[in-house]
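First the structure, in the form of structure tokens, and then the observations on it.
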Number of protein chains: 2
Amino acid sequence: MNVLITGASGFLGRRLAEALLKANVGKLVLLDREKPIGFDDPRVVALAGDIASAGDVAAALDRDIDTVFHLAAVVSGEAESDFDLGMRVNIEGSRLLLEACRHQCKRPRVVFTSSVAVFGPSADAQIDDSTAVDPRSSYGMEKAIAELLLKDYTRRGFVDGVALRLPTVSVRPGRPNRAASSFASGIIREPLAGLESICPVPPETRLWLLSPRGAVASLLRASQIELPLADRGRVINLPGISVSVGEMVAALERLAGPDVSGRVRWVPDRSIEAIVASWPSGWDVSRALSLGFENADDLEAIIRTHMAESAVSPR
Amino acid sequence: MNVLITGASGFLGRRLAEALLKANVGKLVLLDREKPIGFDDPRVVALAGDIASAGDVAAALDRDIDTVFHLAAVVSGEAESDFDLGMRVNIEGSRLLLEACRHQCKRPRVVFTSSVAVFGPSADAQIDDSTAVDPRSSYGMEKAIAELLLKDYTRRGFVDGVALRLPTVSVRPGRPNRAASSFASGIIREPLAGLESICPVPPETRLWLLSPRGAVASLLRASQIELPLADRGRVINLPGISVSVGEMVAALERLAGPDVSGRVRWVPDRSIEAIVASWPSGWDVSRALSLGFENADDLEAIIRTHMAESAVSPR
């Protein structure tokens, strides 16, 4: 397996690269705006490049690449505040990557990370892989468009695409980012690190969560599942858990104590609330399970894993 | 009302321009690849330009344009045989037009002609405006993407968009074109003109038809309906009639005699059959009717109107 990862400096990209290097990857090309660092392995080619530059994308895609993980994206909050940037990276970047795969490679498996944000609040109570998209954010619109491109490039035999609709990934390590869902990691991560964290949505807000470990396992599974080229089920809603923000803070309190959970401050932000409230909080994942994607970790397991990885002792 | 029509040399564009000139249009800018001719009216500005050229689109869009009819498109058969051309015109052209509207005008009403081709065969038995798209052709994919762009540009307040999903328009005058549905006009038009016409699909194939008169009336209605900017129902399935190709030829025989209907030759074409069979043959149009779109003409009325307009005497 010779692999390209776009957005390889992001936290999922890094974890995925580490997992691939532990497995039997041949060549591993890592592309991001700034050259991905910290991979001291002869199989790795780390490149700085703009996903929305045809030349940069072409340069990253060797003829022998057979698997592409397309993670590069402008996140939801930033795509809403900077429309032009989101359009450029999330649509034009995806299109350029598909074009390069079409012309430079031999029908590579392209695993694309789509999002729960393609759905709207009016989606069916029972959401499945064929529920109508109804994005209420530019990010969701851009992901829905990239899905349509991926499906038609697959139908035409240009690539062998699989789009995964990721739940909100929590707990992300590192710093807050400009995703509208950034708080879904922040309200666990910052209190455990001794910091205050602002929660911009009310406690009853429900999220659909997946752990970083589960997200990486799903990406790897998506690179391996066999789908006949005529199979039209190229978009897969991933398993997650439906939890309220209040339940998350309560679980944090059980595992780390009230001093820690008390560091969450509730400061409503209407613009974030509007985006998050438009996302569905759960869906029918029987198809994903039948394709061998694993069930999501439960809430306490997610928090315990984060505590272990960030070396915070449970109470 | 100051209007831009893209694709103004096409048959719908010409009819729409004629209808607008009979009404109270102020300025009427007509844009097409080749300069639209035959409009001798001081209100008309006819321009040759490429819809996928930012400069050409910018030049066509005066600041005082308040209504845009975006009809320019590569048709279904051609978008399937020339993927790059379809992508360029149907996606990039639509995006450039929306960008120009955003930056050069004051939130104009943009009426976009989408298509039944956004749906797939697995669509619900009862299709309505919120049924999931599932395109099985590059044309359908491109129209679905342009709809998503139009909706987000509207949500953000850049334009005031309405997308009409047009049934197959029949009877089109003129010559066959590269739409997969071209036969739906040809099997009426050519026999009436004394010519043989090849029908590439079996008689039981069902179509969802709208007359040219009905299509123009719908475009005009779409420019006038009032929708609050927050109204998300920006995509409207238009009324049509569900008929089989066999019923069309039978109606032709009733109106023009067996000598005429006998000029239809049945020569299956799998590639056309595959595209046409993926389109639904009817849908719930209660929403369109409630918005003041009129019901479609019946089959005999459609044929009679064509005969009158092309000066063929009924039997």
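Naming scheme: A, B, ... for chains in displayed order of the structure tokens; residues 1 onward per chain; ligands 1 onward as shown.
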Mind fitting chain B to chain A by least squares on all Cα atoms in order and giving back the moved coordinates as a CSV table (one decimal) with C-alpha atoms, in the first residue's frame?
```csv
chain,number,residue,atom,x,y,z
B,1,MET,CA,0.0,0.0,0.0
B,2,ASN,CA,1.4,3.4,-1.1
B,3,VAL,CA,-0.4,6.2,0.6
B,4,LEU,CA,-0.9,9.9,0.3
B,5,ILE,CA,-2.4,11.7,3.3
B,6,THR,CA,-3.6,15.3,2.7
B,7,GLY,CA,-3.9,17.5,5.8
B,8,ALA,CA,-1.2,15.2,7.3
B,9,SER,CA,-0.2,17.7,10.0
B,10,GLY,CA,-3.6,17.8,11.5
B,11,PHE,CA,-4.2,15.6,14.5
B,12,LEU,CA,-6.1,12.9,12.7
B,13,GLY,CA,-3.6,12.9,9.9
B,14,ARG,CA,-0.7,12.5,12.3
B,15,ARG,CA,-2.4,9.6,14.1
B,16,LEU,CA,-3.3,8.0,10.9
B,17,ALA,CA,0.3,8.3,9.6
B,18,GLU,CA,1.6,6.7,12.8
B,19,ALA,CA,-0.8,3.8,12.5
B,20,LEU,CA,0.1,3.2,8.9
B,21,LEU,CA,3.8,3.2,9.7
B,22,LYS,CA,3.2,0.5,12.3
B,23,ALA,CA,1.4,-1.5,9.6
B,24,ASN,CA,2.8,-2.5,6.3
B,25,VAL,CA,2.7,0.7,4.4
B,26,GLY,CA,5.1,1.1,1.5
B,27,LYS,CA,5.6,4.7,0.6
B,28,LEU,CA,3.8,7.3,2.8
B,29,VAL,CA,3.5,10.8,1.3
B,30,LEU,CA,2.4,13.4,3.8
B,31,LEU,CA,1.1,16.7,2.5
B,32,ASP,CA,0.1,19.8,4.4
B,33,ARG,CA,0.4,23.6,4.1
B,34,GLU,CA,3.5,23.4,6.3
B,35,LYS,CA,5.8,20.5,5.8
B,36,PRO,CA,4.7,17.7,8.2
B,37,ILE,CA,7.5,17.1,10.7
B,38,GLY,CA,8.5,14.5,13.3
B,39,PHE,CA,8.3,11.5,11.0
B,40,ASP,CA,11.8,10.0,10.9
B,41,ASP,CA,11.1,7.0,8.7
B,42,PRO,CA,12.6,6.2,5.3
B,43,ARG,CA,9.1,5.4,3.9
B,44,VAL,CA,7.9,8.9,4.6
B,45,VAL,CA,8.0,11.8,2.0
B,46,ALA,CA,6.9,15.0,3.8
B,47,LEU,CA,5.8,17.8,1.5
B,48,ALA,CA,4.6,21.4,2.0
B,49,GLY,CA,1.9,22.3,-0.5
B,50,ASP,CA,-1.4,24.0,-1.1
B,51,ILE,CA,-4.3,21.5,-1.7
B,52,ALA,CA,-5.9,24.1,-3.9
B,53,SER,CA,-2.9,24.4,-6.2
B,54,ALA,CA,-3.0,22.0,-9.1
B,55,GLY,CA,0.8,22.0,-9.2
B,56,ASP,CA,1.3,21.2,-5.6
B,57,VAL,CA,-1.3,18.4,-5.7
B,58,ALA,CA,0.2,16.9,-8.8
B,59,ALA,CA,3.6,16.9,-7.2
B,60,ALA,CA,2.3,15.0,-4.2
B,61,LEU,CA,0.7,12.3,-6.2
B,62,ASP,CA,3.1,9.7,-7.5
B,63,ARG,CA,2.0,7.2,-10.0
B,64,ASP,CA,2.3,4.3,-7.6
B,65,ILE,CA,0.0,5.8,-5.0
B,66,ASP,CA,-2.9,3.4,-4.6
B,67,THR,CA,-4.6,4.9,-1.5
B,68,VAL,CA,-5.4,8.5,-0.7
B,69,PHE,CA,-6.7,9.8,2.6
B,70,HIS,CA,-8.1,13.2,1.9
B,71,LEU,CA,-8.3,14.9,5.3
B,72,ALA,CA,-7.2,18.5,4.3
B,73,ALA,CA,-10.1,20.9,5.0
B,74,VAL,CA,-11.0,24.3,6.4
B,75,VAL,CA,-13.0,23.5,9.5
B,76,SER,CA,-16.7,24.5,10.1
B,77,GLY,CA,-16.3,27.7,12.0
B,78,GLU,CA,-13.6,29.0,9.7
B,79,ALA,CA,-15.5,28.1,6.6
B,80,GLU,CA,-18.4,30.1,7.9
B,81,SER,CA,-16.3,33.2,8.7
B,82,ASP,CA,-14.1,33.0,5.6
B,83,PHE,CA,-16.4,31.8,2.8
B,84,ASP,CA,-13.8,32.2,0.1
B,85,LEU,CA,-11.2,30.1,1.9
B,86,GLY,CA,-13.6,27.3,2.6
B,87,MET,CA,-14.8,27.2,-1.0
B,88,ARG,CA,-11.2,27.2,-2.2
B,89,VAL,CA,-9.9,24.4,0.1
B,90,ASN,CA,-13.0,22.3,0.6
B,91,ILE,CA,-14.4,22.3,-2.9
B,92,GLU,CA,-11.6,23.3,-5.3
B,93,GLY,CA,-8.9,21.4,-3.3
B,94,SER,CA,-11.1,18.2,-3.4
B,95,ARG,CA,-11.7,18.6,-7.1
B,96,LEU,CA,-8.1,19.1,-7.9
B,97,LEU,CA,-7.1,16.1,-5.9
B,98,LEU,CA,-9.7,13.9,-7.7
B,99,GLU,CA,-8.5,15.3,-11.0
B,100,ALA,CA,-4.9,14.4,-10.1
B,101,CYS,CA,-6.0,10.9,-9.1
B,102,ARG,CA,-7.8,10.5,-12.3
B,103,HIS,CA,-4.9,11.5,-14.5
B,104,GLN,CA,-1.9,10.4,-12.6
B,105,CYS,CA,-2.8,7.2,-10.8
B,106,LYS,CA,-4.6,3.9,-11.4
B,107,ARG,CA,-8.0,4.3,-9.9
B,108,PRO,CA,-6.8,4.7,-6.3
B,109,ARG,CA,-8.9,4.2,-3.3
B,110,VAL,CA,-9.7,7.7,-2.1
B,111,VAL,CA,-11.0,7.9,1.5
B,112,PHE,CA,-12.6,11.2,2.1
B,113,THR,CA,-13.6,12.6,5.5
B,114,SER,CA,-17.1,14.1,5.2
B,115,SER,CA,-19.2,15.2,8.1
B,116,VAL,CA,-22.4,15.1,10.1
B,117,ALA,CA,-22.6,18.8,9.0
B,118,VAL,CA,-24.1,17.8,5.6
B,119,PHE,CA,-27.4,17.1,7.4
B,120,GLY,CA,-30.0,19.6,8.6
B,121,PRO,CA,-32.3,19.7,11.6
B,122,SER,CA,-35.2,18.6,9.4
B,123,ALA,CA,-33.5,15.3,8.5
B,124,ASP,CA,-35.6,12.2,9.2
B,125,ALA,CA,-35.7,11.0,12.8
B,126,GLN,CA,-33.9,7.8,11.6
B,127,ILE,CA,-31.0,9.0,9.6
B,128,ASP,CA,-29.2,6.5,7.4
B,129,ASP,CA,-26.7,6.6,4.6
B,130,SER,CA,-29.4,7.6,2.1
B,131,THR,CA,-31.0,10.4,4.0
B,132,ALA,CA,-31.2,13.7,2.1
B,133,VAL,CA,-28.5,16.2,2.9
B,134,ASP,CA,-29.6,19.6,3.9
B,135,PRO,CA,-26.5,21.6,5.0
B,136,ARG,CA,-27.0,24.7,7.1
B,137,SER,CA,-23.4,25.9,7.0
B,138,SER,CA,-20.9,26.5,4.2
B,139,TYR,CA,-18.8,23.8,5.6
B,140,GLY,CA,-21.6,21.3,5.3
B,141,MET,CA,-22.4,22.5,1.8
B,142,GLU,CA,-18.8,22.1,0.8
B,143,LYS,CA,-18.6,18.5,2.2
B,144,ALA,CA,-21.9,17.6,0.5
B,145,ILE,CA,-20.5,18.8,-2.8
B,146,ALA,CA,-17.2,16.9,-2.4
B,147,GLU,CA,-19.3,13.8,-1.7
B,148,LEU,CA,-21.1,14.3,-5.0
B,149,LEU,CA,-17.9,14.7,-6.9
B,150,LEU,CA,-16.3,11.6,-5.2
B,151,LYS,CA,-19.4,9.5,-6.2
B,152,ASP,CA,-19.4,10.6,-9.8
B,153,TYR,CA,-15.6,10.2,-10.1
B,154,THR,CA,-16.1,6.7,-8.8
B,155,ARG,CA,-19.1,5.9,-11.1
B,156,ARG,CA,-17.0,6.9,-14.0
B,157,GLY,CA,-14.1,4.7,-12.9
B,158,PHE,CA,-11.6,7.6,-12.3
B,159,VAL,CA,-11.2,6.7,-8.6
B,160,ASP,CA,-12.4,4.2,-6.1
B,161,GLY,CA,-13.9,6.5,-3.5
B,162,VAL,CA,-15.3,6.1,0.0
B,163,ALA,CA,-16.7,9.0,1.9
B,164,LEU,CA,-16.9,8.7,5.7
B,165,ARG,CA,-19.3,11.0,7.5
B,166,LEU,CA,-17.4,11.5,10.7
B,167,PRO,CA,-19.2,12.2,14.0
B,168,THR,CA,-17.6,15.0,16.1
B,169,VAL,CA,-14.2,13.7,17.1
B,170,SER,CA,-13.6,14.1,20.8
B,171,VAL,CA,-11.3,14.3,22.7
B,172,ARG,CA,-8.9,16.0,20.3
B,173,PRO,CA,-5.6,16.8,21.9
B,174,GLY,CA,-3.9,20.2,21.5
B,175,ARG,CA,-5.4,23.6,21.3
B,176,PRO,CA,-8.9,24.8,20.5
B,177,ASN,CA,-9.5,25.2,16.7
B,178,ARG,CA,-12.0,27.1,14.6
B,179,ALA,CA,-14.4,24.2,14.2
B,180,ALA,CA,-17.8,25.0,15.6
B,181,SER,CA,-17.5,21.7,17.5
B,182,SER,CA,-14.1,22.6,19.1
B,183,PHE,CA,-15.8,22.9,22.5
B,184,ALA,CA,-16.7,19.2,22.4
B,185,SER,CA,-13.0,18.5,23.0
B,186,GLY,CA,-12.3,21.6,25.0
B,187,ILE,CA,-14.7,21.0,27.8
B,188,ILE,CA,-12.9,17.7,28.6
B,189,ARG,CA,-9.3,18.6,27.6
B,190,GLU,CA,-8.9,22.0,29.2
B,191,PRO,CA,-10.3,21.2,32.6
B,192,LEU,CA,-8.1,18.1,32.8
B,193,ALA,CA,-5.1,20.4,32.0
B,194,GLY,CA,-6.1,22.8,34.9
B,195,LEU,CA,-7.6,25.4,32.5
B,196,GLU,CA,-11.0,26.9,32.3
B,197,SER,CA,-13.0,26.0,29.2
B,198,ILE,CA,-16.0,27.9,27.7
B,199,CYS,CA,-19.0,25.8,26.6
B,200,PRO,CA,-20.9,27.9,24.1
B,201,VAL,CA,-24.0,25.6,23.9
B,202,PRO,CA,-26.5,24.6,26.6
B,203,PRO,CA,-26.0,21.3,28.5
B,204,GLU,CA,-29.0,19.6,26.8
B,205,THR,CA,-27.3,20.0,23.3
B,206,ARG,CA,-26.8,16.5,21.9
B,207,LEU,CA,-23.7,15.5,20.0
B,208,TRP,CA,-22.7,12.5,18.0
B,209,LEU,CA,-19.2,11.6,19.2
B,210,LEU,CA,-16.4,9.4,18.1
B,211,SER,CA,-13.0,9.0,19.8
B,212,PRO,CA,-9.8,9.8,17.9
B,213,ARG,CA,-8.9,6.1,18.2
B,214,GLY,CA,-12.2,5.2,16.6
B,215,ALA,CA,-11.8,7.7,13.9
B,216,VAL,CA,-8.3,6.4,12.9
B,217,ALA,CA,-9.6,2.8,13.0
B,218,SER,CA,-12.5,3.8,10.7
B,219,LEU,CA,-10.1,5.5,8.2
B,220,LEU,CA,-8.0,2.4,8.1
B,221,ARG,CA,-11.1,0.2,7.6
B,222,ALA,CA,-12.3,2.4,4.8
B,223,SER,CA,-9.0,1.9,2.9
B,224,GLN,CA,-9.6,-1.9,3.1
B,225,ILE,CA,-13.2,-2.6,2.5
B,226,GLU,CA,-14.0,-4.2,-0.8
B,227,LEU,CA,-16.8,-2.5,-2.8
B,228,PRO,CA,-17.6,-3.5,-6.4
B,229,LEU,CA,-17.1,-0.5,-8.6
B,230,ALA,CA,-20.8,-0.5,-9.4
B,231,ASP,CA,-21.6,-0.4,-5.7
B,232,ARG,CA,-23.2,3.0,-5.2
B,233,GLY,CA,-23.0,3.0,-1.4
B,234,ARG,CA,-19.9,5.2,-1.4
B,235,VAL,CA,-21.0,7.4,1.5
B,236,ILE,CA,-21.0,5.9,4.9
B,237,ASN,CA,-22.3,7.3,8.2
B,238,LEU,CA,-19.9,6.2,10.9
B,239,PRO,CA,-20.9,4.8,14.3
B,240,GLY,CA,-20.7,7.2,17.2
B,241,ILE,CA,-22.4,7.8,20.5
B,242,SER,CA,-25.2,10.2,21.1
B,243,VAL,CA,-24.5,12.2,24.2
B,244,SER,CA,-25.5,15.5,25.7
B,245,VAL,CA,-23.0,18.1,26.6
B,246,GLY,CA,-24.3,17.9,30.2
B,247,GLU,CA,-23.7,14.2,30.2
B,248,MET,CA,-20.1,14.8,29.0
B,249,VAL,CA,-19.4,17.2,31.9
B,250,ALA,CA,-21.1,14.8,34.4
B,251,ALA,CA,-18.9,12.0,33.2
B,252,LEU,CA,-15.8,14.2,33.5
B,253,GLU,CA,-16.9,14.9,37.1
B,254,ARG,CA,-17.3,11.2,37.9
B,255,LEU,CA,-13.8,10.4,36.5
B,256,ALA,CA,-11.9,13.5,37.6
B,257,GLY,CA,-13.9,15.2,40.3
B,258,PRO,CA,-15.9,18.4,40.7
B,259,ASP,CA,-12.9,20.6,40.9
B,260,VAL,CA,-12.0,19.6,37.3
B,261,SER,CA,-15.6,19.6,35.9
B,262,GLY,CA,-16.2,23.0,37.7
B,263,ARG,CA,-13.7,24.5,35.2
B,264,VAL,CA,-16.3,24.4,32.5
B,265,ARG,CA,-18.0,27.8,32.1
B,266,TRP,CA,-21.3,28.1,30.3
B,267,VAL,CA,-21.2,31.1,28.0
B,268,PRO,CA,-23.7,30.9,25.2
B,269,ASP,CA,-22.6,31.7,21.6
B,270,ARG,CA,-25.5,32.0,19.3
B,271,SER,CA,-23.5,31.5,16.1
B,272,ILE,CA,-21.9,28.3,17.3
B,273,GLU,CA,-25.2,27.1,18.8
B,274,ALA,CA,-26.9,27.6,15.5
B,275,ILE,CA,-24.4,25.5,13.6
B,276,VAL,CA,-24.2,22.7,16.2
B,277,ALA,CA,-28.0,22.6,16.7
B,278,SER,CA,-28.4,21.9,12.9
B,279,TRP,CA,-26.4,18.6,13.2
B,280,PRO,CA,-28.3,15.4,14.0
B,281,SER,CA,-27.3,13.7,17.2
B,282,GLY,CA,-27.5,10.1,16.0
B,283,TRP,CA,-28.2,7.8,13.1
B,284,ASP,CA,-28.7,4.3,11.9
B,285,VAL,CA,-25.2,2.8,11.4
B,286,SER,CA,-26.2,-0.7,10.6
B,287,ARG,CA,-24.7,-0.4,7.2
B,288,ALA,CA,-21.3,0.7,8.6
B,289,LEU,CA,-21.4,-2.1,11.1
B,290,SER,CA,-22.1,-4.6,8.3
B,291,LEU,CA,-19.1,-3.3,6.4
B,292,GLY,CA,-16.9,-4.0,9.4
B,293,PHE,CA,-16.6,-0.6,11.0
B,294,GLU,CA,-16.4,-1.0,14.7
B,295,ASN,CA,-18.8,0.4,17.2
B,296,ALA,CA,-17.8,3.6,19.0
B,297,ASP,CA,-16.3,3.7,22.4
B,298,ASP,CA,-18.6,4.8,25.2
B,299,LEU,CA,-18.2,8.2,26.9
B,300,GLU,CA,-16.2,7.1,29.9
B,301,ALA,CA,-13.9,5.0,27.7
B,302,ILE,CA,-13.3,8.1,25.5
B,303,ILE,CA,-12.4,10.3,28.5
B,304,ARG,CA,-10.3,7.6,30.2
B,305,THR,CA,-8.3,7.1,27.0
B,306,HIS,CA,-7.7,10.8,26.7
B,307,MET,CA,-6.6,11.0,30.3
B,308,ALA,CA,-4.2,8.1,29.7
B,309,GLU,CA,-2.8,9.6,26.6
B,310,SER,CA,-2.3,13.0,28.2
B,311,ALA,CA,-1.1,11.4,31.4
B,312,VAL,CA,-3.7,12.8,33.7
B,313,SER,CA,-4.4,10.4,36.6
B,314,PRO,CA,-8.0,9.5,37.1
B,315,ARG,CA,-9.4,10.3,40.5
```
Apply DSSP to the structure's backbone, then extract all residues of segment 214-312 of chain B labelled helix (DSSP H, G or I) and return them as a PyMOL selection string. chain B and resi 214-224+245-256+258-261+270-277+286-290+299-309
Segment 168-278 of chain B: which residues are strand (DSSP E or B) by DSSP, as a list in words? Thr168, Val169, Ser197, Ile198, Cys199, Arg206, Leu207, Trp208, Leu209, Leu210, Val235, Ile236, Asn237, Ile241, Ser242, Val243, Ser244, Val264, Arg265 and Trp266 of chain B
Next, the residues of the selection above should be written as an mmCIF file, in the first residue's frame with N, CA and C atoms.
```
data_model
loop_
_atom_site.group_PDB
_atom_site.id
_atom_site.type_symbol
_atom_site.label_atom_id
_atom_site.label_comp_id
_atom_site.auth_asym_id
_atom_site.auth_seq_id
_atom_site.Cartn_x
_atom_site.Cartn_y
_atom_site.Cartn_z
ATOM 1 N N THR B 168 -38.625 16.934 -18.337
ATOM 2 C CA THR B 168 -38.153 16.933 -19.721
ATOM 3 C C THR B 168 -39.059 17.850 -20.537
ATOM 4 N N VAL B 169 -38.465 18.812 -21.209
ATOM 5 C CA VAL B 169 -39.274 19.770 -21.971
ATOM 6 C C VAL B 169 -39.531 19.216 -23.371
ATOM 7 N N SER B 197 -37.768 9.349 -37.151
ATOM 8 C CA SER B 197 -37.166 9.697 -35.868
ATOM 9 C C SER B 197 -36.874 8.405 -35.122
ATOM 10 N N ILE B 198 -35.672 8.323 -34.565
ATOM 11 C CA ILE B 198 -35.285 7.123 -33.833
ATOM 12 C C ILE B 198 -35.622 7.298 -32.361
ATOM 13 N N CYS B 199 -36.355 6.307 -31.817
ATOM 14 C CA CYS B 199 -36.627 6.306 -30.376
ATOM 15 C C CYS B 199 -35.703 5.275 -29.725
ATOM 16 N N ARG B 206 -41.210 5.637 -18.992
ATOM 17 C CA ARG B 206 -42.044 6.771 -18.580
ATOM 18 C C ARG B 206 -41.190 8.028 -18.452
ATOM 19 N N LEU B 207 -41.778 9.125 -18.891
ATOM 20 C CA LEU B 207 -41.117 10.426 -18.793
ATOM 21 C C LEU B 207 -41.991 11.368 -17.978
ATOM 22 N N TRP B 208 -41.372 12.451 -17.523
ATOM 23 C CA TRP B 208 -42.064 13.508 -16.788
ATOM 24 C C TRP B 208 -41.910 14.745 -17.663
ATOM 25 N N LEU B 209 -43.001 15.128 -18.328
ATOM 26 C CA LEU B 209 -42.922 16.127 -19.406
ATOM 27 C C LEU B 209 -43.527 17.473 -19.025
ATOM 28 N N LEU B 210 -42.957 18.499 -19.622
ATOM 29 C CA LEU B 210 -43.502 19.853 -19.516
ATOM 30 C C LEU B 210 -43.366 20.495 -20.891
ATOM 31 N N VAL B 235 -35.483 25.062 -3.686
ATOM 32 C CA VAL B 235 -35.450 24.119 -4.796
ATOM 33 C C VAL B 235 -36.857 23.573 -4.987
ATOM 34 N N ILE B 236 -37.372 23.729 -6.179
ATOM 35 C CA ILE B 236 -38.778 23.427 -6.433
ATOM 36 C C ILE B 236 -38.900 22.459 -7.603
ATOM 37 N N ASN B 237 -39.547 21.335 -7.358
ATOM 38 C CA ASN B 237 -39.860 20.386 -8.432
ATOM 39 C C ASN B 237 -41.081 20.910 -9.198
ATOM 40 N N ILE B 241 -46.303 16.159 -16.560
ATOM 41 C CA ILE B 241 -47.201 15.022 -16.714
ATOM 42 C C ILE B 241 -46.359 13.769 -16.885
ATOM 43 N N SER B 242 -46.839 12.695 -16.277
ATOM 44 C CA SER B 242 -46.149 11.408 -16.379
ATOM 45 C C SER B 242 -46.753 10.640 -17.541
ATOM 46 N N VAL B 243 -45.963 10.403 -18.567
ATOM 47 C CA VAL B 243 -46.454 9.666 -19.743
ATOM 48 C C VAL B 243 -45.401 8.659 -20.178
ATOM 49 N N SER B 244 -45.880 7.607 -20.840
ATOM 50 C CA SER B 244 -44.926 6.669 -21.419
ATOM 51 C C SER B 244 -44.644 7.106 -22.853
ATOM 52 N N VAL B 264 -41.778 6.841 -36.532
ATOM 53 C CA VAL B 264 -40.931 6.577 -35.358
ATOM 54 C C VAL B 264 -40.325 5.192 -35.498
ATOM 55 N N ARG B 265 -39.003 5.116 -35.450
ATOM 56 C CA ARG B 265 -38.323 3.810 -35.489
ATOM 57 C C ARG B 265 -37.740 3.517 -34.114
ATOM 58 N N TRP B 266 -37.944 2.282 -33.662
ATOM 59 C CA TRP B 266 -37.497 1.893 -32.317
ATOM 60 C C TRP B 266 -36.143 1.219 -32.415
#
```
